[in-house]
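Next comes entry_12.cif, with mmCIF, C-alpha atoms.
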```cif
data_target
loop_
_atom_site.label_atom_id
_atom_site.label_comp_id
_atom_site.auth_asym_id
_atom_site.auth_seq_id
_atom_site.Cartn_x
_atom_site.Cartn_y
_atom_site.Cartn_z
CA MET M 214 193.14 163.45 3.49
CA SER M 215 195.82 163.36 0.86
CA ALA M 216 197.38 160.87 -1.50
CA GLY M 217 200.32 160.78 -3.84
CA PHE M 218 200.57 159.28 -7.32
CA ALA M 219 203.20 158.88 -10.02
CA SER M 220 202.68 157.65 -13.54
CA ALA M 221 204.88 155.99 -16.12
CA ALA M 222 204.46 153.39 -18.83
CA ALA M 223 203.66 149.98 -17.38
CA SER M 224 205.66 146.91 -18.42
CA PRO M 225 204.11 145.16 -21.43
CA ALA M 226 202.54 141.74 -21.05
CA PRO M 227 204.73 138.81 -22.17
CA ARG M 228 204.32 137.88 -25.85
CA SER M 229 203.73 134.32 -27.02
CA GLU M 230 205.47 132.78 -30.01
CA ALA M 231 203.40 132.67 -33.19
CA GLY M 232 201.09 129.68 -33.13
CA ALA M 233 201.87 128.86 -29.48
CA GLU M 234 199.19 128.49 -26.85
CA PRO M 235 198.76 131.75 -24.89
CA GLN M 236 200.25 131.54 -21.43
CA PRO M 237 197.85 131.99 -18.50
CA LEU M 238 198.10 135.35 -16.77
CA LEU M 239 199.76 135.04 -13.39
CA LEU M 240 200.17 137.92 -10.96
CA ARG M 241 202.50 137.87 -7.98
CA VAL M 242 201.08 139.78 -5.02
CA LEU M 243 203.17 140.80 -2.01
CA THR M 244 201.99 142.48 1.18
CA ILE M 245 204.12 143.74 4.07
CA ASN M 246 203.81 146.12 7.00
CA THR M 247 207.06 148.08 6.60
CA HIS M 248 207.17 149.26 10.25
CA LYS M 249 208.27 152.68 8.95
CA GLY M 250 211.45 151.14 7.57
CA LEU M 251 212.67 149.98 10.97
CA ALA M 252 213.88 146.57 12.12
CA PRO M 253 212.08 144.79 14.99
CA TRP M 254 212.35 146.76 18.24
CA ASN M 255 213.27 149.83 16.15
CA ARG M 256 216.97 148.99 16.38
CA ARG M 257 218.04 149.83 12.82
CA PHE M 258 216.82 151.64 9.74
CA MET M 259 216.36 148.82 7.19
CA LEU M 260 214.67 150.42 4.19
CA GLY M 261 217.56 149.82 1.79
CA GLU M 262 217.73 146.14 2.74
CA LEU M 263 213.95 145.89 2.53
CA ARG M 264 213.97 147.31 -1.00
CA ASP M 265 216.59 144.77 -2.07
CA ALA M 266 214.54 141.91 -0.61
CA VAL M 267 211.26 143.05 -2.18
CA ARG M 268 212.94 143.24 -5.58
CA THR M 269 213.88 139.54 -5.39
CA THR M 270 210.23 138.43 -5.11
CA GLY M 271 209.31 139.44 -8.67
CA ALA M 272 206.03 140.84 -7.35
CA ASP M 273 203.73 142.62 -9.78
CA LEU M 274 201.75 144.30 -7.00
CA VAL M 275 203.18 145.33 -3.63
CA PHE M 276 200.82 146.32 -0.82
CA LEU M 277 202.56 148.41 1.86
CA GLN M 278 201.28 149.41 5.27
CA GLU M 279 202.73 151.78 7.85
CA VAL M 280 204.88 153.39 5.15
CA PRO M 281 205.97 157.02 5.62
CA GLY M 282 205.10 159.57 2.99
CA GLU M 283 207.16 162.10 4.90
CA GLU M 284 209.62 161.44 7.74
CA ARG M 285 211.58 164.39 9.06
CA ARG M 286 213.53 162.63 11.82
CA ALA M 287 216.99 162.18 10.28
CA ALA M 288 218.13 159.64 12.88
CA ARG M 289 215.28 157.31 11.95
CA SER M 290 214.98 158.03 8.25
CA GLY M 291 218.67 157.90 7.44
CA ARG M 292 218.21 161.34 5.82
CA LEU M 293 216.09 159.78 3.09
CA ALA M 294 214.97 162.64 0.86
CA THR M 295 212.14 160.77 -0.91
CA PRO M 296 208.97 159.19 0.46
CA HIS M 297 209.58 155.60 1.55
CA TYR M 298 207.09 154.16 -0.93
CA GLU M 299 208.81 155.97 -3.80
CA PHE M 300 212.21 154.70 -2.65
CA LEU M 301 210.85 151.14 -2.52
CA ALA M 302 209.25 151.47 -5.96
CA ASP M 303 212.61 152.38 -7.51
CA GLN M 304 212.49 151.51 -11.24
CA LEU M 305 210.65 148.18 -10.98
CA TRP M 306 207.19 149.51 -10.11
CA PRO M 307 206.61 152.56 -12.34
CA GLN M 308 203.15 153.17 -10.89
CA TYR M 309 202.38 153.84 -7.25
CA ALA M 310 199.66 155.37 -5.14
CA TYR M 311 199.81 156.51 -1.52
CA GLY M 312 197.04 157.11 0.98
CA ARG M 313 197.99 159.35 3.91
CA ASN M 314 196.33 158.17 7.12
CA ALA M 315 198.21 159.36 10.20
CA VAL M 316 199.76 162.83 10.50
CA HIS M 317 202.19 163.50 13.33
CA ALA M 318 204.82 166.03 14.36
CA HIS M 319 207.52 164.36 12.27
CA GLY M 320 205.56 163.76 9.05
CA HIS M 321 202.88 161.28 8.03
CA HIS M 322 202.41 157.63 7.10
CA GLY M 323 199.75 155.40 5.55
CA ASN M 324 199.20 152.68 2.95
CA ALA M 325 200.72 152.43 -0.52
CA LEU M 326 200.44 150.27 -3.60
CA LEU M 327 203.31 149.67 -6.03
CA SER M 328 202.29 148.33 -9.42
CA ARG M 329 203.85 147.17 -12.69
CA PHE M 330 200.54 148.02 -14.36
CA THR M 331 198.73 151.27 -15.01
CA ILE M 332 196.80 152.66 -12.04
CA ALA M 333 193.77 154.06 -13.85
CA ASP M 334 192.07 155.46 -10.75
CA TRP M 335 192.49 155.49 -6.98
CA ARG M 336 190.95 156.83 -3.80
CA ASN M 337 191.92 156.76 -0.13
CA HIS M 338 188.95 156.14 2.20
CA ASP M 339 189.18 157.50 5.74
CA ILE M 340 187.79 154.84 8.12
CA SER M 341 189.18 156.35 11.33
CA THR M 342 187.54 155.85 14.71
CA ALA M 343 187.54 158.71 17.22
CA GLY M 344 190.17 158.21 19.90
CA ALA M 345 192.16 155.63 17.92
CA GLU M 346 195.03 155.86 15.45
CA PRO M 347 193.74 157.03 12.04
CA ARG M 348 193.16 154.27 9.48
CA GLY M 349 192.39 154.17 5.77
CA LEU M 350 191.55 151.92 2.84
CA LEU M 351 193.53 152.65 -0.33
CA HIS M 352 191.44 151.54 -3.32
CA CYS M 353 193.11 151.42 -6.75
CA GLU M 354 191.73 150.32 -10.10
CA LEU M 355 194.41 148.86 -12.37
CA ASP M 356 194.46 148.20 -16.09
CA VAL M 357 196.09 144.77 -16.48
CA PRO M 358 196.74 143.48 -20.02
CA GLY M 359 195.02 140.15 -20.53
CA LEU M 360 192.74 140.69 -17.55
CA GLY M 361 191.21 144.15 -17.87
CA ALA M 362 190.21 145.98 -14.73
CA LEU M 363 191.69 144.73 -11.47
CA HIS M 364 190.65 146.32 -8.18
CA ALA M 365 193.19 146.41 -5.35
CA VAL M 366 192.50 147.54 -1.79
CA CYS M 367 195.37 148.04 0.67
CA VAL M 368 194.23 147.61 4.27
CA HIS M 369 195.57 148.39 7.75
CA LEU M 370 192.94 147.83 10.42
CA GLY M 371 192.81 148.87 14.05
CA LEU M 372 193.98 147.17 17.23
CA ARG M 373 190.63 146.92 19.02
CA GLU M 374 188.04 144.29 18.14
CA ALA M 375 185.11 146.71 17.99
CA GLN M 376 187.13 149.06 15.81
CA ARG M 377 188.05 146.24 13.41
CA GLN M 378 184.44 145.09 13.12
CA ARG M 379 183.39 148.59 12.13
CA GLU M 380 186.27 148.87 9.65
CA LEU M 381 185.45 145.50 8.09
CA GLY M 382 181.89 146.73 7.62
CA LEU M 383 183.22 149.82 5.84
CA LEU M 384 185.44 147.63 3.66
CA ARG M 385 182.42 145.58 2.62
CA THR M 386 180.53 148.79 1.82
CA LEU M 387 183.44 150.04 -0.31
CA ILE M 388 183.48 146.81 -2.31
CA ARG M 389 179.71 146.80 -2.75
CA ASP M 390 179.64 150.43 -3.91
CA GLU M 391 182.84 150.75 -5.96
CA VAL M 392 183.76 147.32 -7.34
CA THR M 393 181.75 146.07 -10.30
CA ALA M 394 180.16 142.67 -9.75
CA GLY M 395 182.37 139.96 -11.24
CA ALA M 396 185.48 142.16 -11.36
CA ALA M 397 188.86 140.77 -10.29
CA LEU M 398 189.69 141.97 -6.78
CA VAL M 399 192.65 141.67 -4.40
CA VAL M 400 192.43 142.93 -0.82
CA ALA M 401 195.63 142.68 1.20
CA GLY M 402 197.37 144.14 4.21
CA ASP M 403 197.65 144.12 7.98
CA PHE M 404 194.24 143.19 9.36
CA ASN M 405 195.37 142.88 13.02
CA ASP M 406 192.82 140.03 13.04
CA TRP M 407 194.43 137.78 15.63
CA ARG M 408 191.00 136.35 16.52
CA GLY M 409 190.50 135.13 12.94
CA ARG M 410 187.08 136.66 12.40
CA ALA M 411 187.64 138.49 9.10
CA ASP M 412 187.48 135.42 6.83
CA ALA M 413 183.80 134.66 7.36
CA LEU M 414 182.76 138.32 7.37
CA LEU M 415 184.44 139.03 4.05
CA GLN M 416 183.36 135.80 2.39
CA ASP M 417 179.72 136.22 3.35
CA GLY M 418 179.67 139.98 2.84
CA CYS M 419 181.45 140.38 -0.50
CA GLY M 420 182.67 137.05 -1.82
CA LEU M 421 186.30 137.43 -0.78
CA HIS M 422 188.30 134.30 -0.04
CA SER M 423 191.61 133.90 1.75
CA ALA M 424 194.39 133.16 -0.73
CA PHE M 425 195.94 130.79 1.80
CA ALA M 426 192.71 128.86 2.29
CA ARG M 427 192.31 128.58 -1.48
CA ALA M 428 195.88 127.27 -1.70
CA GLY M 429 195.10 124.62 0.91
CA GLY M 430 196.84 126.29 3.83
CA SER M 431 195.89 127.76 7.18
CA ARG M 432 196.01 131.37 8.31
CA PRO M 433 199.62 132.52 7.96
CA ARG M 434 201.42 133.57 11.13
CA THR M 435 203.32 136.78 10.50
CA PHE M 436 203.85 138.57 13.84
CA PRO M 437 206.23 139.07 15.51
CA ALA M 438 208.53 138.46 12.57
CA ARG M 439 211.27 136.57 14.43
CA TRP M 440 208.90 134.30 16.36
CA PRO M 441 205.59 134.50 14.46
CA LEU M 442 202.67 133.58 16.69
CA LEU M 443 199.80 135.69 15.36
CA ALA M 444 198.10 135.64 11.95
CA LEU M 445 197.70 139.39 11.42
CA ASP M 446 198.37 139.81 7.70
CA ARG M 447 196.12 138.55 4.89
CA ILE M 448 195.61 138.35 1.15
CA TYR M 449 192.00 137.95 -0.04
CA VAL M 450 190.80 137.54 -3.61
CA ALA M 451 187.56 137.49 -5.56
CA ASN M 452 187.07 136.31 -9.16
CA LEU M 453 190.69 135.13 -9.35
CA ARG M 454 192.33 131.73 -9.06
CA VAL M 455 195.00 131.18 -6.44
CA HIS M 456 197.98 129.16 -7.64
CA SER M 457 200.19 129.48 -4.56
CA ALA M 458 200.54 131.37 -1.29
CA CYS M 459 203.36 131.47 1.24
CA VAL M 460 204.86 133.36 4.16
CA LEU M 461 208.36 134.69 3.49
CA SER M 462 210.04 133.64 6.71
CA ALA M 463 213.63 132.86 5.68
CA ARG M 464 216.47 135.33 6.00
CA PRO M 465 216.56 138.26 5.57
CA TRP M 466 212.82 138.83 6.13
CA PRO M 467 212.64 138.40 9.93
CA HIS M 468 215.22 141.17 10.32
CA LEU M 469 213.59 143.75 8.02
CA SER M 470 210.32 144.56 9.83
CA ASP M 471 208.25 143.39 12.78
CA HIS M 472 205.86 141.63 10.33
CA LEU M 473 206.68 138.87 7.85
CA PRO M 474 205.45 139.42 4.27
CA LEU M 475 202.97 137.28 2.38
CA LEU M 476 203.37 136.33 -1.28
CA ALA M 477 200.63 134.82 -3.47
CA GLU M 478 200.41 133.96 -7.14
CA VAL M 479 196.95 134.53 -8.63
CA GLY M 480 195.45 134.53 -12.09
CA ALA M 481 192.28 134.70 -14.16
#
```
For the file at hand, write its structure as structure tokens.
Amino acid sequence: MSAGFASAAASPAPRSEAGAEPQPLLLRVLTINTHKGLAPWNRRFMLGELRDAVRTTGADLVFLQEVPGEERRAARSGRLATPHYEFLADQLWPQYAYGRNAVHAHGHHGNALLSRFTIADWRNHDISTAGAEPRGLLHCELDVPGLGALHAVCVHLGLREAQRQRELGLLRTLIRDEVTAGAALVVAGDFNDWRGRADALLQDGCGLHSAFARAGGSRPRTFPARWPLLALDRIYVANLRVHSACVLSARPWPHLSDHLPLLAEVGA
């Protein structure tokens, strides 16, 4: 199990004018399964277009799933010399962490977190099930000015129901063992939870709530991107307020991956 990490100075928090009321802290959270940088049905390599689109969201935290850390197939990677998560981070997200999950003949891929804030600590948890594609939980602890410690867990769960139930149990154990009670927490990613069973398990097990439910919406349909029928992707929060949550379904998003991204605005 391996992970990558880069460090640079995080962007400072906005300053208020002297005597003005301090502005409430708002964080924009984006999650997307990048489909290894490929368009739906693997027709085109779209990583450059995906980076441009992600930049327009103004996200402070970007949760990435199925993102290559190494891809040696030139025809698919467009001869990209850097890891995909580093290419996506560019200069807007000076901090990033990567958790390698699946190793194959042409490289490896996993989950990644891009952050405007300092990543003080991180760990990739192997939650793989024998006989199934390897999976992991990337847990990062961030230092956010005006908030303090913020825990972020990037998730990509398995395709089988029994596998997902086991993985959700391991996610609850991680939160119980590694996240301080009362700490701000965001858990986001591709849950493959088309049966809609994760909400109750995570709420009862560790106090996580769907950002979309808190914003007054239903489970967001994200797959397949061009005709979304299944609610596979989620953003969950604990000890944070949800100000808004939406699916990014307008152009160019349906053409950039086989999943649509989710965007939520949360705060203390």
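For the atom pair formed by atom CA of Leu239 of chain M and atom CA of Arg434 of chain M, the distance is 24.6 Å, given to one decimal.
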Original post:
Got a sec to check which residues sit within 12 Å of (210.4, 147.5, -0.5), counting only C-alpha atoms, and write them as an NGL selection string?
Top reply: :M and (243-251 or 259-272 or 274-278 or 280 or 296-306 or 325-327 or 466 or 469-470 or 474)
Store the residues of this selection in a file with C-alpha atoms, as a tab-separated table (two decimals), keeping the file's coordinate frame.
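again_11.tsv written:
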```tsv
chain	number	residue	atom	x	y	z
M	243	LEU	CA	203.17	140.80	-2.01
M	244	THR	CA	201.99	142.48	1.18
M	245	ILE	CA	204.12	143.74	4.07
M	246	ASN	CA	203.81	146.12	7.00
M	247	THR	CA	207.06	148.08	6.60
M	248	HIS	CA	207.17	149.26	10.25
M	249	LYS	CA	208.27	152.68	8.95
M	250	GLY	CA	211.45	151.14	7.57
M	251	LEU	CA	212.67	149.98	10.97
M	259	MET	CA	216.36	148.82	7.19
M	260	LEU	CA	214.67	150.42	4.19
M	261	GLY	CA	217.56	149.82	1.79
M	262	GLU	CA	217.73	146.14	2.74
M	263	LEU	CA	213.95	145.89	2.53
M	264	ARG	CA	213.97	147.31	-1.00
M	265	ASP	CA	216.59	144.77	-2.07
M	266	ALA	CA	214.54	141.91	-0.61
M	267	VAL	CA	211.26	143.05	-2.18
M	268	ARG	CA	212.94	143.24	-5.58
M	269	THR	CA	213.88	139.54	-5.39
M	270	THR	CA	210.23	138.43	-5.11
M	271	GLY	CA	209.31	139.44	-8.67
M	272	ALA	CA	206.03	140.84	-7.35
M	274	LEU	CA	201.75	144.30	-7.00
M	275	VAL	CA	203.18	145.33	-3.63
M	276	PHE	CA	200.82	146.32	-0.82
M	277	LEU	CA	202.56	148.41	1.86
M	278	GLN	CA	201.28	149.41	5.27
M	280	VAL	CA	204.88	153.39	5.15
M	296	PRO	CA	208.97	159.19	0.46
M	297	HIS	CA	209.58	155.60	1.55
M	298	TYR	CA	207.09	154.16	-0.93
M	299	GLU	CA	208.81	155.97	-3.80
M	300	PHE	CA	212.21	154.70	-2.65
M	301	LEU	CA	210.85	151.14	-2.52
M	302	ALA	CA	209.25	151.47	-5.96
M	303	ASP	CA	212.61	152.38	-7.51
M	304	GLN	CA	212.49	151.51	-11.24
M	305	LEU	CA	210.65	148.18	-10.98
M	306	TRP	CA	207.19	149.51	-10.11
M	325	ALA	CA	200.72	152.43	-0.52
M	326	LEU	CA	200.44	150.27	-3.60
M	327	LEU	CA	203.31	149.67	-6.03
M	466	TRP	CA	212.82	138.83	6.13
M	469	LEU	CA	213.59	143.75	8.02
M	470	SER	CA	210.32	144.56	9.83
M	474	PRO	CA	205.45	139.42	4.27
```
Original post:
By how many Å are atom CA of His364 of chain M and atom CA of Ala396 of chain M apart?
Top reply: 7.4 Å
Shell around segment 451-464 of chain M at 8 Å using all atoms listed in the file, local window under 3 positions removed, as a JSON list (two decimals) with C-alpha atoms, keeping the file's coordinate frame:
```
[["chain", "number", "residue", "atom", "x", "y", "z"],
["M", 395, "GLY", "CA", 182.37, 139.96, -11.24],
["M", 396, "ALA", "CA", 185.48, 142.16, -11.36],
["M", 397, "ALA", "CA", 188.86, 140.77, -10.29],
["M", 398, "LEU", "CA", 189.69, 141.97, -6.78],
["M", 399, "VAL", "CA", 192.65, 141.67, -4.40],
["M", 420, "GLY", "CA", 182.67, 137.05, -1.82],
["M", 421, "LEU", "CA", 186.30, 137.43, -0.78],
["M", 422, "HIS", "CA", 188.30, 134.30, -0.04],
["M", 424, "ALA", "CA", 194.39, 133.16, -0.73],
["M", 425, "PHE", "CA", 195.94, 130.79, 1.80],
["M", 427, "ARG", "CA", 192.31, 128.58, -1.48],
["M", 428, "ALA", "CA", 195.88, 127.27, -1.70],
["M", 433, "PRO", "CA", 199.62, 132.52, 7.96],
["M", 434, "ARG", "CA", 201.42, 133.57, 11.13],
["M", 435, "THR", "CA", 203.32, 136.78, 10.50],
["M", 438, "ALA", "CA", 208.53, 138.46, 12.57],
["M", 467, "PRO", "CA", 212.64, 138.40, 9.93],
["M", 468, "HIS", "CA", 215.22, 141.17, 10.32],
["M", 473, "LEU", "CA", 206.68, 138.87, 7.85],
["M", 474, "PRO", "CA", 205.45, 139.42, 4.27],
["M", 475, "LEU", "CA", 202.97, 137.28, 2.38],
["M", 476, "LEU", "CA", 203.37, 136.33, -1.28],
["M", 477, "ALA", "CA", 200.63, 134.82, -3.47],
["M", 478, "GLU", "CA", 200.41, 133.96, -7.14],
["M", 479, "VAL", "CA", 196.95, 134.53, -8.63],
["M", 480, "GLY", "CA", 195.45, 134.53, -12.09],
["M", 481, "ALA", "CA", 192.28, 134.70, -14.16]]
```
Original post:
With distances taken over all atoms listed in the file, which of M:Val392, M:Leu350, M:Leu360, M:Trp407 is nearest to Leu372 of chain M?
Top reply: M:Trp407
**OP:** Can you pull out every residue within 12 Å of Leu384 of chain M, counting only C-alpha atoms, but drop anything in the same chain fewer than 6 positions away, and send it as a ChimeraX atom specification?
**Re:** /M:337-340,348-352,365-370,377-378,390-392,400-401,404,411,414-415,418-419,421
Prev. selection, C-alpha atoms, output as an mmCIF file, in the frame of the given file:
```
data_model
loop_
_atom_site.group_PDB
_atom_site.id
_atom_site.type_symbol
_atom_site.label_atom_id
_atom_site.label_comp_id
_atom_site.auth_asym_id
_atom_site.auth_seq_id
_atom_site.Cartn_x
_atom_site.Cartn_y
_atom_site.Cartn_z
ATOM 1 C CA ASN M 337 191.920 156.760 -0.130
ATOM 2 C CA HIS M 338 188.950 156.140 2.200
ATOM 3 C CA ASP M 339 189.180 157.500 5.740
ATOM 4 C CA ILE M 340 187.790 154.840 8.120
ATOM 5 C CA ARG M 348 193.160 154.270 9.480
ATOM 6 C CA GLY M 349 192.390 154.170 5.770
ATOM 7 C CA LEU M 350 191.550 151.920 2.840
ATOM 8 C CA LEU M 351 193.530 152.650 -0.330
ATOM 9 C CA HIS M 352 191.440 151.540 -3.320
ATOM 10 C CA ALA M 365 193.190 146.410 -5.350
ATOM 11 C CA VAL M 366 192.500 147.540 -1.790
ATOM 12 C CA CYS M 367 195.370 148.040 0.670
ATOM 13 C CA VAL M 368 194.230 147.610 4.270
ATOM 14 C CA HIS M 369 195.570 148.390 7.750
ATOM 15 C CA LEU M 370 192.940 147.830 10.420
ATOM 16 C CA ARG M 377 188.050 146.240 13.410
ATOM 17 C CA GLN M 378 184.440 145.090 13.120
ATOM 18 C CA ASP M 390 179.640 150.430 -3.910
ATOM 19 C CA GLU M 391 182.840 150.750 -5.960
ATOM 20 C CA VAL M 392 183.760 147.320 -7.340
ATOM 21 C CA VAL M 400 192.430 142.930 -0.820
ATOM 22 C CA ALA M 401 195.630 142.680 1.200
ATOM 23 C CA PHE M 404 194.240 143.190 9.360
ATOM 24 C CA ALA M 411 187.640 138.490 9.100
ATOM 25 C CA LEU M 414 182.760 138.320 7.370
ATOM 26 C CA LEU M 415 184.440 139.030 4.050
ATOM 27 C CA GLY M 418 179.670 139.980 2.840
ATOM 28 C CA CYS M 419 181.450 140.380 -0.500
ATOM 29 C CA LEU M 421 186.300 137.430 -0.780
#
```
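Here atom CA of Leu240 of chain M is placed at a distance of 22.3 Å from atom CA of His472 of chain M.
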Can you tell me which residues surround Glu284 of chain M at a distance of at most 8 Å, considering only C-alpha atoms, apart from same-chain residues fewer than 4 positions away, and format the answer as a PDB file with C-alpha atoms, keeping the file's coordinate frame?
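Heads up, here's the output in result29.pdb:
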```pdb
ATOM      1  CA  SER M 290     214.980 158.030   8.250  1.00  0.00           C
ATOM      2  CA  PRO M 296     208.970 159.190   0.460  1.00  0.00           C
ATOM      3  CA  HIS M 319     207.520 164.360  12.270  1.00  0.00           C
ATOM      4  CA  GLY M 320     205.560 163.760   9.050  1.00  0.00           C
ATOM      5  CA  HIS M 321     202.880 161.280   8.030  1.00  0.00           C
TER       6      HIS M 321
END
```
Subject >> Selection dump of the PyMOL selection byres ((chain M and resi 333) around 8), as a ChimeraX atom specification >> reply: /M:331-332,334-335,353-356
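Between Thr393 of chain M and the candidates M:Ala375, M:Ala413, M:Leu381, M:Leu363, the tightest atom-to-atom separation, counting all atoms listed in the file, involves M:Leu363.
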**OP:** Could you tell me which residues the PyMOL selection byres ((chain M and resi 253) around 6) grabs in this file, written as a list in words?
**Re:** Ala252, Trp254, Asn255, Ser470 and Asp471 of chain M
